[in-house]
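The structure appears right after this line, and notes come after that.
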Amino acid sequence: METNKEIIAQRGDYSCPVCLELCVQPVLAPCGHFTCFQCHKRVAEAGMPCPMCRARFDELFVPAIDREMQSRIAAETGRRYEERKAELERAGEWIAGNKRLVRFSYGNTHEKVENPKPSRSKKGARNGHQWCMFISLNNDPEETARYIKSVTYHLHPTFCPSKIKVTDAPFLLCRHGWGYFQVQMDIEFRESTGIGVHILEHMLSFEDNGHTESVILEIDGDT
């Protein structure tokens with residue numbers, strides 16, 4: 001039985017089904033469908049299903065460029081491939097051969113507080129929620145620390161201090177409060193990753209056990 005990749009090659013249609021651009025960085029999903037890397041990255045980070053068949057991806061799935069298909073597309077499309085590659089390089093979206101992709105999970109845990117204390121920032125409110133911010137790779141603190149040196153959290157101005165730097169993975173920051181707000185995370189990566197500081201934002205969630213998001217980043221291959 002022919003694979004989806006073989007069928008695509010026979011058709012000679014290498015357009016990404018999402019953005020309709022020439023797919024010069026093809027990613028083959030577990031369901032067998034392919035898209036360009038940038039489109040698949042956006043879909044995966046948003047927790048969305050395959051745009052073709054609606055199949056759900058494993059939360060740990062990290063899109064990887066299919067180098068065999070990429071070589072075939074380059075050979076068959078020639079100048080079009082080089083033009084599209086140049087566009088992505090100018091936009092900073094071209095994945096060099098020495099880069100690899102790593103998915104980090106971040107967000108907040110949550111639990112309700114029994115017998116909450118009165119809030120100091122809002123009259124009549126009680127600090128009925130305990131939340132903890134975090135960022136992690138595969139729930140492994142040691143592995144996370146290989147990539148991340150520190151995380152600086154920017155909290156609502158009513159917290160004192162409102163800017164806190166955490167240096168131990170998984171970079172937990174726990175507080176009690178009465179309301180949710182957006183937390184900025186300044187993530188300082190280790191020099192070997194080639195990233196520097198990456199900024200993320202997360203809206204605190206007091207639904208059930210909290211909320212987790214993910215981000216896929218390009219890491220230097222030797223890290």
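FYI, nothing fancy with the structure tokens labels: chains A, B, ... in order, residues from 1 per chain, ligands from 1 as they appear.
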Test item: residues at most 12 Å from Met48 in chain A, only C-alpha atoms, excluding those fewer than 6 positions along its chain, as a PDB file with all heavy atoms, in the first residue's frame:
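So the final result, stored in out.pdb, reads:
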```
ATOM      1  N   CYS A  39       3.646  26.151   9.581  1.00  0.00           N
ATOM      2  CA  CYS A  39       2.211  25.914   9.787  1.00  0.00           C
ATOM      3  C   CYS A  39       1.997  24.818  10.825  1.00  0.00           C
ATOM      4  O   CYS A  39       1.141  24.933  11.699  1.00  0.00           O
ATOM      5  CB  CYS A  39       1.530  25.545   8.468  1.00  0.00           C
ATOM      6  SG  CYS A  39       1.305  26.949   7.348  1.00  0.00           S
ATOM      7  N   HIS A  40       2.797  23.745  10.738  1.00  0.00           N
ATOM      8  CA  HIS A  40       2.624  22.662  11.698  1.00  0.00           C
ATOM      9  C   HIS A  40       2.996  23.117  13.107  1.00  0.00           C
ATOM     10  O   HIS A  40       2.343  22.745  14.078  1.00  0.00           O
ATOM     11  CB  HIS A  40       3.468  21.448  11.315  1.00  0.00           C
ATOM     12  CG  HIS A  40       3.094  20.233  12.096  1.00  0.00           C
ATOM     13  ND1 HIS A  40       2.314  19.226  11.583  1.00  0.00           N
ATOM     14  CD2 HIS A  40       3.333  19.896  13.390  1.00  0.00           C
ATOM     15  CE1 HIS A  40       2.113  18.309  12.514  1.00  0.00           C
ATOM     16  NE2 HIS A  40       2.727  18.692  13.622  1.00  0.00           N
ATOM     17  N   LYS A  41       4.028  23.958  13.205  1.00  0.00           N
ATOM     18  CA  LYS A  41       4.431  24.460  14.515  1.00  0.00           C
ATOM     19  C   LYS A  41       3.301  25.256  15.151  1.00  0.00           C
ATOM     20  O   LYS A  41       2.999  25.092  16.338  1.00  0.00           O
ATOM     21  CB  LYS A  41       5.683  25.326  14.372  1.00  0.00           C
ATOM     22  CG  LYS A  41       6.209  25.886  15.693  1.00  0.00           C
ATOM     23  CD  LYS A  41       7.425  26.762  15.451  1.00  0.00           C
ATOM     24  CE  LYS A  41       7.927  27.381  16.751  1.00  0.00           C
ATOM     25  NZ  LYS A  41       9.072  28.295  16.530  1.00  0.00           N
ATOM     26  N   ARG A  42       2.648  26.116  14.365  1.00  0.00           N
ATOM     27  CA  ARG A  42       1.545  26.924  14.898  1.00  0.00           C
ATOM     28  C   ARG A  42       0.380  26.028  15.330  1.00  0.00           C
ATOM     29  O   ARG A  42      -0.253  26.269  16.355  1.00  0.00           O
ATOM     30  CB  ARG A  42       1.090  27.930  13.854  1.00  0.00           C
ATOM     31  CG  ARG A  42       2.145  28.997  13.532  1.00  0.00           C
ATOM     32  CD  ARG A  42       1.628  30.035  12.555  1.00  0.00           C
ATOM     33  NE  ARG A  42       2.692  30.935  12.137  1.00  0.00           N
ATOM     34  CZ  ARG A  42       3.311  30.872  10.967  1.00  0.00           C
ATOM     35  NH1 ARG A  42       2.939  29.961  10.076  1.00  0.00           N
ATOM     36  NH2 ARG A  42       4.269  31.717  10.659  1.00  0.00           N
ATOM     37  N   ARG A  54      -8.181  16.067  11.095  1.00  0.00           N
ATOM     38  CA  ARG A  54      -8.622  16.371  12.468  1.00  0.00           C
ATOM     39  C   ARG A  54      -8.096  15.392  13.514  1.00  0.00           C
ATOM     40  O   ARG A  54      -8.575  15.351  14.647  1.00  0.00           O
ATOM     41  CB  ARG A  54     -10.170  16.433  12.572  1.00  0.00           C
ATOM     42  CG  ARG A  54     -10.858  17.185  11.462  1.00  0.00           C
ATOM     43  CD  ARG A  54     -10.305  18.586  11.278  1.00  0.00           C
ATOM     44  NE  ARG A  54     -10.596  19.458  12.410  1.00  0.00           N
ATOM     45  CZ  ARG A  54     -10.099  20.693  12.548  1.00  0.00           C
ATOM     46  NH1 ARG A  54      -9.271  21.181  11.636  1.00  0.00           N
ATOM     47  NH2 ARG A  54     -10.421  21.424  13.584  1.00  0.00           N
ATOM     48  N   ALA A  55      -7.095  14.589  13.151  1.00  0.00           N
ATOM     49  CA  ALA A  55      -6.493  13.675  14.129  1.00  0.00           C
ATOM     50  C   ALA A  55      -5.734  14.487  15.174  1.00  0.00           C
ATOM     51  O   ALA A  55      -5.093  15.494  14.858  1.00  0.00           O
ATOM     52  CB  ALA A  55      -5.551  12.699  13.435  1.00  0.00           C
ATOM     53  N   ARG A  56      -5.802  14.037  16.417  1.00  0.00           N
ATOM     54  CA  ARG A  56      -5.102  14.720  17.506  1.00  0.00           C
ATOM     55  C   ARG A  56      -3.669  14.220  17.591  1.00  0.00           C
ATOM     56  O   ARG A  56      -3.391  13.044  17.401  1.00  0.00           O
ATOM     57  CB  ARG A  56      -5.816  14.452  18.838  1.00  0.00           C
ATOM     58  CG  ARG A  56      -7.139  15.202  18.981  1.00  0.00           C
ATOM     59  CD  ARG A  56      -6.893  16.640  19.328  1.00  0.00           C
ATOM     60  NE  ARG A  56      -8.116  17.433  19.364  1.00  0.00           N
ATOM     61  CZ  ARG A  56      -8.136  18.731  19.547  1.00  0.00           C
ATOM     62  NH1 ARG A  56      -7.006  19.395  19.709  1.00  0.00           N
ATOM     63  NH2 ARG A  56      -9.279  19.391  19.558  1.00  0.00           N
ATOM     64  N   PHE A  57      -2.746  15.148  17.905  1.00  0.00           N
ATOM     65  CA  PHE A  57      -1.346  14.785  18.069  1.00  0.00           C
ATOM     66  C   PHE A  57      -1.055  14.522  19.537  1.00  0.00           C
ATOM     67  O   PHE A  57      -1.636  15.151  20.417  1.00  0.00           O
ATOM     68  CB  PHE A  57      -0.429  15.912  17.576  1.00  0.00           C
ATOM     69  CG  PHE A  57      -0.684  16.314  16.148  1.00  0.00           C
ATOM     70  CD1 PHE A  57      -0.970  17.629  15.828  1.00  0.00           C
ATOM     71  CD2 PHE A  57      -0.642  15.374  15.136  1.00  0.00           C
ATOM     72  CE1 PHE A  57      -1.199  18.007  14.510  1.00  0.00           C
ATOM     73  CE2 PHE A  57      -0.881  15.736  13.820  1.00  0.00           C
ATOM     74  CZ  PHE A  57      -1.160  17.055  13.508  1.00  0.00           C
ATOM     75  N   ASP A  58      -0.115  13.607  19.788  1.00  0.00           N
ATOM     76  CA  ASP A  58       0.359  13.398  21.141  1.00  0.00           C
ATOM     77  C   ASP A  58       0.958  14.710  21.647  1.00  0.00           C
ATOM     78  O   ASP A  58       1.648  15.415  20.910  1.00  0.00           O
ATOM     79  CB  ASP A  58       1.428  12.294  21.147  1.00  0.00           C
ATOM     80  CG  ASP A  58       1.871  11.936  22.558  1.00  0.00           C
ATOM     81  OD1 ASP A  58       2.658  12.720  23.138  1.00  0.00           O
ATOM     82  OD2 ASP A  58       1.454  10.898  23.075  1.00  0.00           O
ATOM     83  N   GLU A  59       0.713  15.038  22.905  1.00  0.00           N
ATOM     84  CA  GLU A  59       1.161  16.328  23.439  1.00  0.00           C
ATOM     85  C   GLU A  59       2.683  16.461  23.458  1.00  0.00           C
ATOM     86  O   GLU A  59       3.215  17.566  23.531  1.00  0.00           O
ATOM     87  CB  GLU A  59       0.611  16.542  24.849  1.00  0.00           C
ATOM     88  CG  GLU A  59       1.077  15.535  25.874  1.00  0.00           C
ATOM     89  CD  GLU A  59       0.524  15.794  27.260  1.00  0.00           C
ATOM     90  OE1 GLU A  59      -0.410  16.604  27.388  1.00  0.00           O
ATOM     91  OE2 GLU A  59       1.032  15.176  28.218  1.00  0.00           O
ATOM     92  N   GLU A 213       0.412  25.255  28.574  1.00  0.00           N
ATOM     93  CA  GLU A 213       0.618  25.531  27.161  1.00  0.00           C
ATOM     94  C   GLU A 213       1.962  24.943  26.755  1.00  0.00           C
ATOM     95  O   GLU A 213       2.692  24.393  27.579  1.00  0.00           O
ATOM     96  CB  GLU A 213       0.622  27.044  26.901  1.00  0.00           C
ATOM     97  CG  GLU A 213      -0.609  27.769  27.393  1.00  0.00           C
ATOM     98  CD  GLU A 213      -0.527  29.265  27.146  1.00  0.00           C
ATOM     99  OE1 GLU A 213      -0.580  29.671  25.961  1.00  0.00           O
ATOM    100  OE2 GLU A 213      -0.394  30.015  28.127  1.00  0.00           O
ATOM    101  N   SER A 214       2.297  25.054  25.467  1.00  0.00           N
ATOM    102  CA  SER A 214       3.608  24.585  25.035  1.00  0.00           C
ATOM    103  C   SER A 214       4.178  25.522  23.989  1.00  0.00           C
ATOM    104  O   SER A 214       3.442  26.241  23.303  1.00  0.00           O
ATOM    105  CB  SER A 214       3.528  23.159  24.476  1.00  0.00           C
ATOM    106  OG  SER A 214       2.796  23.130  23.267  1.00  0.00           O
TER     107      SER A 214
END
```
Contacts of range 163-174 of chain A at 12 Å or less, counting only C-alpha atoms, minus same-chain residues fewer than 3 places along, as a PyMOL selection string? chain A and resi 104-111+129-160+177+183-190+204
File dump, residues just selected, N, CA and C atoms, as a short mmCIF file (atom, residue, chain, number, x, y, z; two decimals), in the first residue's frame:
```cif
data_model
loop_
_atom_site.label_atom_id
_atom_site.label_comp_id
_atom_site.auth_asym_id
_atom_site.auth_seq_id
_atom_site.Cartn_x
_atom_site.Cartn_y
_atom_site.Cartn_z
N PHE A 104 8.80 22.81 25.04
CA PHE A 104 8.73 23.10 26.47
C PHE A 104 7.27 23.32 26.87
N SER A 105 6.91 22.82 28.04
CA SER A 105 5.57 23.05 28.59
C SER A 105 5.66 24.13 29.67
N TYR A 106 4.67 25.02 29.70
CA TYR A 106 4.68 26.08 30.72
C TYR A 106 3.23 26.43 31.06
N GLY A 107 3.06 27.07 32.19
CA GLY A 107 1.70 27.45 32.60
C GLY A 107 1.60 27.55 34.10
N ASN A 108 0.41 27.21 34.62
CA ASN A 108 0.23 27.28 36.07
C ASN A 108 -0.63 26.13 36.57
N THR A 109 -0.25 25.64 37.75
CA THR A 109 -1.12 24.71 38.48
C THR A 109 -2.07 25.55 39.33
N HIS A 110 -3.10 24.93 39.86
CA HIS A 110 -4.08 25.68 40.65
C HIS A 110 -4.79 24.76 41.63
N GLU A 111 -5.05 25.29 42.80
CA GLU A 111 -5.94 24.61 43.76
C GLU A 111 -6.59 25.66 44.65
N HIS A 129 -7.21 31.33 46.02
CA HIS A 129 -6.58 30.49 45.00
C HIS A 129 -5.07 30.41 45.22
N GLN A 130 -4.55 29.21 45.17
CA GLN A 130 -3.10 29.02 45.17
C GLN A 130 -2.69 28.59 43.77
N TRP A 131 -1.72 29.32 43.17
CA TRP A 131 -1.25 28.98 41.84
C TRP A 131 0.27 28.91 41.83
N CYS A 132 0.79 28.09 40.94
CA CYS A 132 2.24 27.95 40.78
C CYS A 132 2.59 28.01 39.30
N MET A 133 3.42 28.96 38.92
CA MET A 133 3.92 29.04 37.56
C MET A 133 5.10 28.08 37.39
N PHE A 134 5.32 27.62 36.14
CA PHE A 134 6.42 26.69 35.88
C PHE A 134 6.75 26.68 34.39
N ILE A 135 7.91 26.13 34.06
CA ILE A 135 8.27 25.75 32.69
C ILE A 135 9.11 24.50 32.79
N SER A 136 8.86 23.54 31.88
CA SER A 136 9.49 22.24 32.03
C SER A 136 9.67 21.55 30.69
N LEU A 137 10.65 20.66 30.63
CA LEU A 137 10.85 19.79 29.47
C LEU A 137 10.63 18.36 29.94
N ASN A 138 9.56 17.73 29.45
CA ASN A 138 9.24 16.34 29.77
C ASN A 138 9.13 16.08 31.28
N ASN A 139 8.72 17.09 32.03
CA ASN A 139 8.57 16.96 33.49
C ASN A 139 9.86 16.49 34.16
N ASP A 140 10.99 16.85 33.58
CA ASP A 140 12.29 16.41 34.08
C ASP A 140 13.12 17.64 34.45
N PRO A 141 13.24 17.96 35.75
CA PRO A 141 13.99 19.15 36.17
C PRO A 141 15.43 19.16 35.69
N GLU A 142 16.10 18.01 35.74
CA GLU A 142 17.50 17.95 35.32
C GLU A 142 17.64 18.24 33.83
N GLU A 143 16.75 17.67 33.02
CA GLU A 143 16.78 17.91 31.58
C GLU A 143 16.44 19.36 31.28
N THR A 144 15.46 19.91 31.99
CA THR A 144 15.08 21.31 31.80
C THR A 144 16.25 22.24 32.10
N ALA A 145 16.99 21.95 33.16
CA ALA A 145 18.11 22.79 33.57
C ALA A 145 19.26 22.76 32.57
N ARG A 146 19.31 21.76 31.71
CA ARG A 146 20.35 21.72 30.66
C ARG A 146 20.17 22.87 29.69
N TYR A 147 18.94 23.32 29.53
CA TYR A 147 18.63 24.35 28.53
C TYR A 147 18.37 25.72 29.14
N ILE A 148 17.72 25.75 30.31
CA ILE A 148 17.28 27.01 30.89
C ILE A 148 18.08 27.33 32.14
N LYS A 149 18.56 28.58 32.21
CA LYS A 149 19.35 29.02 33.36
C LYS A 149 18.48 29.65 34.43
N SER A 150 17.52 30.48 34.03
CA SER A 150 16.66 31.15 35.01
C SER A 150 15.37 31.63 34.33
N VAL A 151 14.37 31.92 35.14
CA VAL A 151 13.13 32.51 34.66
C VAL A 151 12.78 33.68 35.57
N THR A 152 12.53 34.84 34.98
CA THR A 152 12.09 36.01 35.74
C THR A 152 10.62 36.24 35.46
N TYR A 153 9.81 36.22 36.53
CA TYR A 153 8.36 36.39 36.41
C TYR A 153 7.98 37.84 36.73
N HIS A 154 7.10 38.38 35.91
CA HIS A 154 6.56 39.73 36.14
C HIS A 154 5.09 39.58 36.54
N LEU A 155 4.80 39.87 37.80
CA LEU A 155 3.46 39.69 38.34
C LEU A 155 2.68 41.00 38.33
N HIS A 156 1.43 40.92 38.74
CA HIS A 156 0.59 42.12 38.86
C HIS A 156 1.23 43.08 39.88
N PRO A 157 1.13 44.38 39.64
CA PRO A 157 1.76 45.37 40.53
C PRO A 157 1.33 45.27 42.00
N THR A 158 0.20 44.63 42.27
CA THR A 158 -0.25 44.51 43.66
C THR A 158 0.59 43.52 44.45
N PHE A 159 1.38 42.70 43.77
CA PHE A 159 2.29 41.79 44.46
C PHE A 159 3.59 42.53 44.78
N CYS A 160 4.14 42.23 45.94
CA CYS A 160 5.38 42.88 46.36
C CYS A 160 6.34 41.80 46.91
N GLY A 177 -3.80 34.22 45.86
CA GLY A 177 -4.42 35.44 45.36
C GLY A 177 -5.91 35.27 45.15
N VAL A 183 0.85 36.81 33.22
CA VAL A 183 2.21 36.77 33.77
C VAL A 183 3.21 36.76 32.61
N GLN A 184 4.17 37.65 32.66
CA GLN A 184 5.25 37.64 31.67
C GLN A 184 6.40 36.81 32.22
N MET A 185 6.98 35.97 31.36
CA MET A 185 8.10 35.11 31.75
C MET A 185 9.30 35.46 30.87
N ASP A 186 10.37 35.97 31.48
CA ASP A 186 11.62 36.21 30.77
C ASP A 186 12.51 34.98 31.00
N ILE A 187 12.62 34.15 29.97
CA ILE A 187 13.32 32.87 30.12
C ILE A 187 14.75 33.02 29.62
N GLU A 188 15.70 32.89 30.53
CA GLU A 188 17.11 33.01 30.18
C GLU A 188 17.66 31.61 29.86
N PHE A 189 17.93 31.39 28.58
CA PHE A 189 18.47 30.09 28.16
C PHE A 189 19.98 30.08 28.30
N ARG A 190 20.52 28.91 28.45
CA ARG A 190 21.97 28.77 28.56
C ARG A 190 22.63 29.15 27.23
N LEU A 204 -3.04 33.44 33.84
CA LEU A 204 -3.35 32.51 34.93
C LEU A 204 -4.75 31.92 34.74
#
```
Find the residues around Asp220 in chain A up to 8 Å (only C-alpha atoms counted), leave out those fewer than 6 positions away in its own chain, and share them as a short mmCIF file (atom, residue, chain, number, x, y, z; two decimals) with N, CA and C atoms, in the first residue's frame.
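The new file around26.cif reads:
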```cif
data_model
loop_
_atom_site.label_atom_id
_atom_site.label_comp_id
_atom_site.auth_asym_id
_atom_site.auth_seq_id
_atom_site.Cartn_x
_atom_site.Cartn_y
_atom_site.Cartn_z
N ASN A 98 21.88 22.44 11.57
CA ASN A 98 22.44 22.14 12.89
C ASN A 98 21.45 22.45 14.02
N LYS A 99 20.23 22.82 13.68
CA LYS A 99 19.23 23.13 14.70
C LYS A 99 18.34 21.90 14.96
N ARG A 100 17.84 21.78 16.18
CA ARG A 100 16.82 20.78 16.47
C ARG A 100 15.71 21.44 17.27
N SER A 192 24.79 27.85 25.40
CA SER A 192 24.99 26.78 24.42
C SER A 192 23.77 26.57 23.51
N THR A 193 22.59 27.07 23.92
CA THR A 193 21.38 26.86 23.11
C THR A 193 21.30 27.82 21.93
N GLY A 194 22.00 28.96 22.04
CA GLY A 194 21.94 29.95 20.98
C GLY A 194 20.67 30.78 20.99
#
```
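Look at Gly179 in chain A: the protein and nucleic acid residues within 10 Å of it, using only C-alpha atoms and passing over chain neighbours fewer than 4 places away, are Lys122, Ala125, Arg126, Asn127, Gly128, His129, His156, Leu204, Ser205 and Phe206 of chain A.
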If you keep all heavy atoms, can you produce a file of those selected residues as a compact mmCIF listing (two decimals), in the first residue's frame?
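For reference, again11.txt as written:
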```txt
# COMPACT_ATOMS: atom_id res chain seq x y z
N LYS A 122 -7.41 44.24 47.80
CA LYS A 122 -8.79 44.50 47.43
C LYS A 122 -9.71 44.27 48.62
O LYS A 122 -9.80 43.15 49.14
CB LYS A 122 -9.23 43.62 46.25
CG LYS A 122 -10.62 43.95 45.74
CD LYS A 122 -10.98 43.10 44.53
CE LYS A 122 -12.36 43.48 44.00
NZ LYS A 122 -12.75 42.66 42.82
N ALA A 125 -12.18 41.06 49.36
CA ALA A 125 -11.77 39.86 48.62
C ALA A 125 -10.93 38.96 49.52
O ALA A 125 -10.29 39.43 50.47
CB ALA A 125 -10.97 40.26 47.38
N ARG A 126 -10.94 37.69 49.21
CA ARG A 126 -10.12 36.72 49.94
C ARG A 126 -9.22 35.97 48.96
O ARG A 126 -9.62 35.68 47.83
CB ARG A 126 -11.00 35.74 50.72
CG ARG A 126 -11.69 36.38 51.92
CD ARG A 126 -12.49 35.38 52.73
NE ARG A 126 -13.00 35.98 53.95
CZ ARG A 126 -12.34 36.05 55.10
NH1 ARG A 126 -11.14 35.50 55.19
NH2 ARG A 126 -12.88 36.63 56.15
N ASN A 127 -8.03 35.68 49.43
CA ASN A 127 -7.05 34.98 48.58
C ASN A 127 -7.37 33.49 48.53
O ASN A 127 -6.70 32.66 49.15
CB ASN A 127 -5.63 35.22 49.10
CG ASN A 127 -5.24 36.67 48.99
OD1 ASN A 127 -5.64 37.37 48.07
ND2 ASN A 127 -4.44 37.14 49.95
N GLY A 128 -8.37 33.16 47.74
CA GLY A 128 -8.90 31.79 47.72
C GLY A 128 -8.26 30.87 46.71
O GLY A 128 -8.71 29.74 46.53
N HIS A 129 -7.21 31.33 46.02
CA HIS A 129 -6.58 30.49 45.00
C HIS A 129 -5.07 30.41 45.22
O HIS A 129 -4.41 31.43 45.45
CB HIS A 129 -6.83 31.06 43.60
CG HIS A 129 -8.29 31.23 43.28
ND1 HIS A 129 -9.06 30.19 42.79
CD2 HIS A 129 -9.12 32.30 43.41
CE1 HIS A 129 -10.29 30.63 42.60
NE2 HIS A 129 -10.36 31.89 42.98
N HIS A 156 1.43 40.92 38.74
CA HIS A 156 0.59 42.12 38.86
C HIS A 156 1.23 43.08 39.88
O HIS A 156 1.84 42.63 40.87
CB HIS A 156 -0.81 41.69 39.34
CG HIS A 156 -1.82 42.78 39.23
ND1 HIS A 156 -2.00 43.72 40.22
CD2 HIS A 156 -2.71 43.08 38.24
CE1 HIS A 156 -2.96 44.56 39.85
NE2 HIS A 156 -3.41 44.19 38.66
N LEU A 204 -3.04 33.44 33.84
CA LEU A 204 -3.35 32.51 34.93
C LEU A 204 -4.75 31.92 34.74
O LEU A 204 -5.68 32.61 34.33
CB LEU A 204 -3.30 33.23 36.28
CG LEU A 204 -1.92 33.60 36.82
CD1 LEU A 204 -2.08 34.38 38.12
CD2 LEU A 204 -1.06 32.37 37.05
N SER A 205 -4.86 30.64 35.05
CA SER A 205 -6.15 29.96 34.96
C SER A 205 -6.50 29.36 36.32
O SER A 205 -5.68 28.66 36.92
CB SER A 205 -6.10 28.85 33.90
OG SER A 205 -7.29 28.08 33.94
N PHE A 206 -7.71 29.65 36.79
CA PHE A 206 -8.21 29.07 38.03
C PHE A 206 -9.24 27.98 37.75
O PHE A 206 -10.02 27.61 38.61
CB PHE A 206 -8.81 30.16 38.92
CG PHE A 206 -7.79 31.17 39.41
CD1 PHE A 206 -8.21 32.39 39.93
CD2 PHE A 206 -6.44 30.90 39.36
CE1 PHE A 206 -7.27 33.32 40.38
CE2 PHE A 206 -5.50 31.82 39.81
CZ PHE A 206 -5.92 33.03 40.32
```
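Taking only C-alpha atoms, the non-local environment of Cys53 in chain A within 12 Å (same-chain residues fewer than 3 positions away omitted) comprises Pro17, Ala29, Pro30, Cys31, Gly32, His33, Phe34, Met48, Pro49, Cys50, Arg56 and Phe57 of chain A.
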Please produce a file of the residues just selected, as a compact mmCIF listing (two decimals), in the first residue's frame, where the atoms kept are N, CA and C atoms.
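The new file part-v3.txt reads:
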```
# COMPACT_ATOMS: atom_id res chain seq x y z
N PRO A 17 -0.89 22.51 2.38
CA PRO A 17 -2.34 22.64 2.32
C PRO A 17 -2.92 23.72 3.22
N ALA A 29 3.26 14.43 9.64
CA ALA A 29 2.63 14.18 10.94
C ALA A 29 2.39 12.68 11.14
N PRO A 30 2.17 12.23 12.38
CA PRO A 30 1.92 10.80 12.63
C PRO A 30 0.73 10.26 11.84
N CYS A 31 -0.24 11.12 11.50
CA CYS A 31 -1.41 10.67 10.76
C CYS A 31 -1.12 10.48 9.27
N GLY A 32 0.08 10.91 8.82
CA GLY A 32 0.46 10.72 7.44
C GLY A 32 0.32 11.94 6.56
N HIS A 33 -0.27 13.03 7.08
CA HIS A 33 -0.41 14.25 6.29
C HIS A 33 0.81 15.15 6.49
N PHE A 34 1.06 15.99 5.49
CA PHE A 34 2.22 16.86 5.61
C PHE A 34 1.82 18.32 5.42
N MET A 48 -4.08 22.27 18.40
CA MET A 48 -5.11 21.96 17.41
C MET A 48 -4.83 20.61 16.73
N PRO A 49 -5.84 19.99 16.13
CA PRO A 49 -5.66 18.71 15.43
C PRO A 49 -5.08 18.93 14.04
N CYS A 50 -4.80 17.84 13.35
CA CYS A 50 -4.33 17.91 11.98
C CYS A 50 -5.35 18.68 11.14
N ARG A 56 -5.80 14.04 16.42
CA ARG A 56 -5.10 14.72 17.51
C ARG A 56 -3.67 14.22 17.59
N PHE A 57 -2.75 15.15 17.91
CA PHE A 57 -1.35 14.78 18.07
C PHE A 57 -1.05 14.52 19.54
```
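Across the structure, CA of Pro116 in chain A and CA of His176 in chain A are spaced 8.9 Å apart.
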Could you give me the residues within range 47-109 of chain A that DSSP places in strand (DSSP E), as a VMD selection string? chain A and resid 99 to 109
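Across the model, the gap from CA of Val27 in chain A to CA of Ile65 in chain A is 4.8 Å.
Straight-line separation from CA of Ala91 in chain A to CA of Gln182 in chain A: 28.2 Å.
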Give me the residues within 12 Å of Glu93 in chain A as a ChimeraX atom specification, counting only C-alpha atoms and dropping any in the same chain fewer than 5 places off. /A:24-25,36-39,41,84-88,99,217-218
I need the residues from that last selection saved to file as a short mmCIF file (atom, residue, chain, number, x, y, z; two decimals), in the first residue's frame (with N, CA and C atoms), if you can.
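Output file part-v7.cif is given in full below:
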```
data_model
loop_
_atom_site.label_atom_id
_atom_site.label_comp_id
_atom_site.auth_asym_id
_atom_site.auth_seq_id
_atom_site.Cartn_x
_atom_site.Cartn_y
_atom_site.Cartn_z
N VAL A 24 8.91 23.91 1.47
CA VAL A 24 10.35 23.67 1.42
C VAL A 24 10.91 23.12 2.73
N GLN A 25 10.09 23.13 3.79
CA GLN A 25 10.47 22.52 5.07
C GLN A 25 9.34 21.59 5.49
N CYS A 36 3.92 22.53 5.80
CA CYS A 36 5.23 23.16 6.00
C CYS A 36 5.49 23.27 7.50
N PHE A 37 6.75 23.40 7.85
CA PHE A 37 7.12 23.41 9.26
C PHE A 37 6.43 24.50 10.05
N GLN A 38 6.43 25.73 9.53
CA GLN A 38 5.87 26.84 10.29
C GLN A 38 4.39 26.65 10.56
N CYS A 39 3.65 26.15 9.58
CA CYS A 39 2.21 25.91 9.79
C CYS A 39 2.00 24.82 10.82
N LYS A 41 4.03 23.96 13.20
CA LYS A 41 4.43 24.46 14.52
C LYS A 41 3.30 25.26 15.15
N ARG A 84 11.76 30.38 -2.35
CA ARG A 84 10.98 30.25 -1.11
C ARG A 84 11.91 30.15 0.10
N LYS A 85 13.02 29.44 -0.06
CA LYS A 85 14.00 29.33 1.03
C LYS A 85 14.53 30.71 1.39
N ALA A 86 14.84 31.53 0.38
CA ALA A 86 15.36 32.88 0.62
C ALA A 86 14.33 33.73 1.36
N GLU A 87 13.05 33.57 1.04
CA GLU A 87 11.99 34.31 1.73
C GLU A 87 11.97 33.95 3.22
N LEU A 88 12.08 32.66 3.51
CA LEU A 88 12.05 32.21 4.91
C LEU A 88 13.31 32.66 5.66
N LYS A 99 20.23 22.82 13.68
CA LYS A 99 19.23 23.13 14.70
C LYS A 99 18.34 21.90 14.96
N LEU A 217 10.82 25.42 20.35
CA LEU A 217 11.95 26.33 20.08
C LEU A 217 13.07 25.61 19.34
N GLU A 218 13.83 26.38 18.58
CA GLU A 218 14.97 25.86 17.84
C GLU A 218 16.21 25.96 18.74
#
```
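Here the helix (DSSP H, G or I) residues in range 109-210 of chain A, by DSSP on the backbone, are Pro141, Glu142, Glu143, Thr144, Ala145, Arg146, Tyr147, Glu191, Ser192 and Thr193 of chain A.
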Would you output that residue set with N, CA and C atoms, as a compact mmCIF listing (two decimals), in the first residue's frame?
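Below is the file that was written, again-v4.txt:
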```txt
# COMPACT_ATOMS: atom_id res chain seq x y z
N PRO A 141 13.24 17.96 35.75
CA PRO A 141 13.99 19.15 36.17
C PRO A 141 15.43 19.16 35.69
N GLU A 142 16.10 18.01 35.74
CA GLU A 142 17.50 17.95 35.32
C GLU A 142 17.64 18.24 33.83
N GLU A 143 16.75 17.67 33.02
CA GLU A 143 16.78 17.91 31.58
C GLU A 143 16.44 19.36 31.28
N THR A 144 15.46 19.91 31.99
CA THR A 144 15.08 21.31 31.80
C THR A 144 16.25 22.24 32.10
N ALA A 145 16.99 21.95 33.16
CA ALA A 145 18.11 22.79 33.57
C ALA A 145 19.26 22.76 32.57
N ARG A 146 19.31 21.76 31.71
CA ARG A 146 20.35 21.72 30.66
C ARG A 146 20.17 22.87 29.69
N TYR A 147 18.94 23.32 29.53
CA TYR A 147 18.63 24.35 28.53
C TYR A 147 18.37 25.72 29.14
N GLU A 191 23.84 29.64 27.31
CA GLU A 191 24.53 30.16 26.13
C GLU A 191 24.65 29.13 25.03
N SER A 192 24.79 27.85 25.40
CA SER A 192 24.99 26.78 24.42
C SER A 192 23.77 26.57 23.51
N THR A 193 22.59 27.07 23.92
CA THR A 193 21.38 26.86 23.11
C THR A 193 21.30 27.82 21.93
```
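Proximity to Trp178 in chain A was assessed for A:Arg79, A:Lys123, A:His198, A:Arg67 counting only C-alpha atoms; the smallest distance is recorded for A:Lys123.
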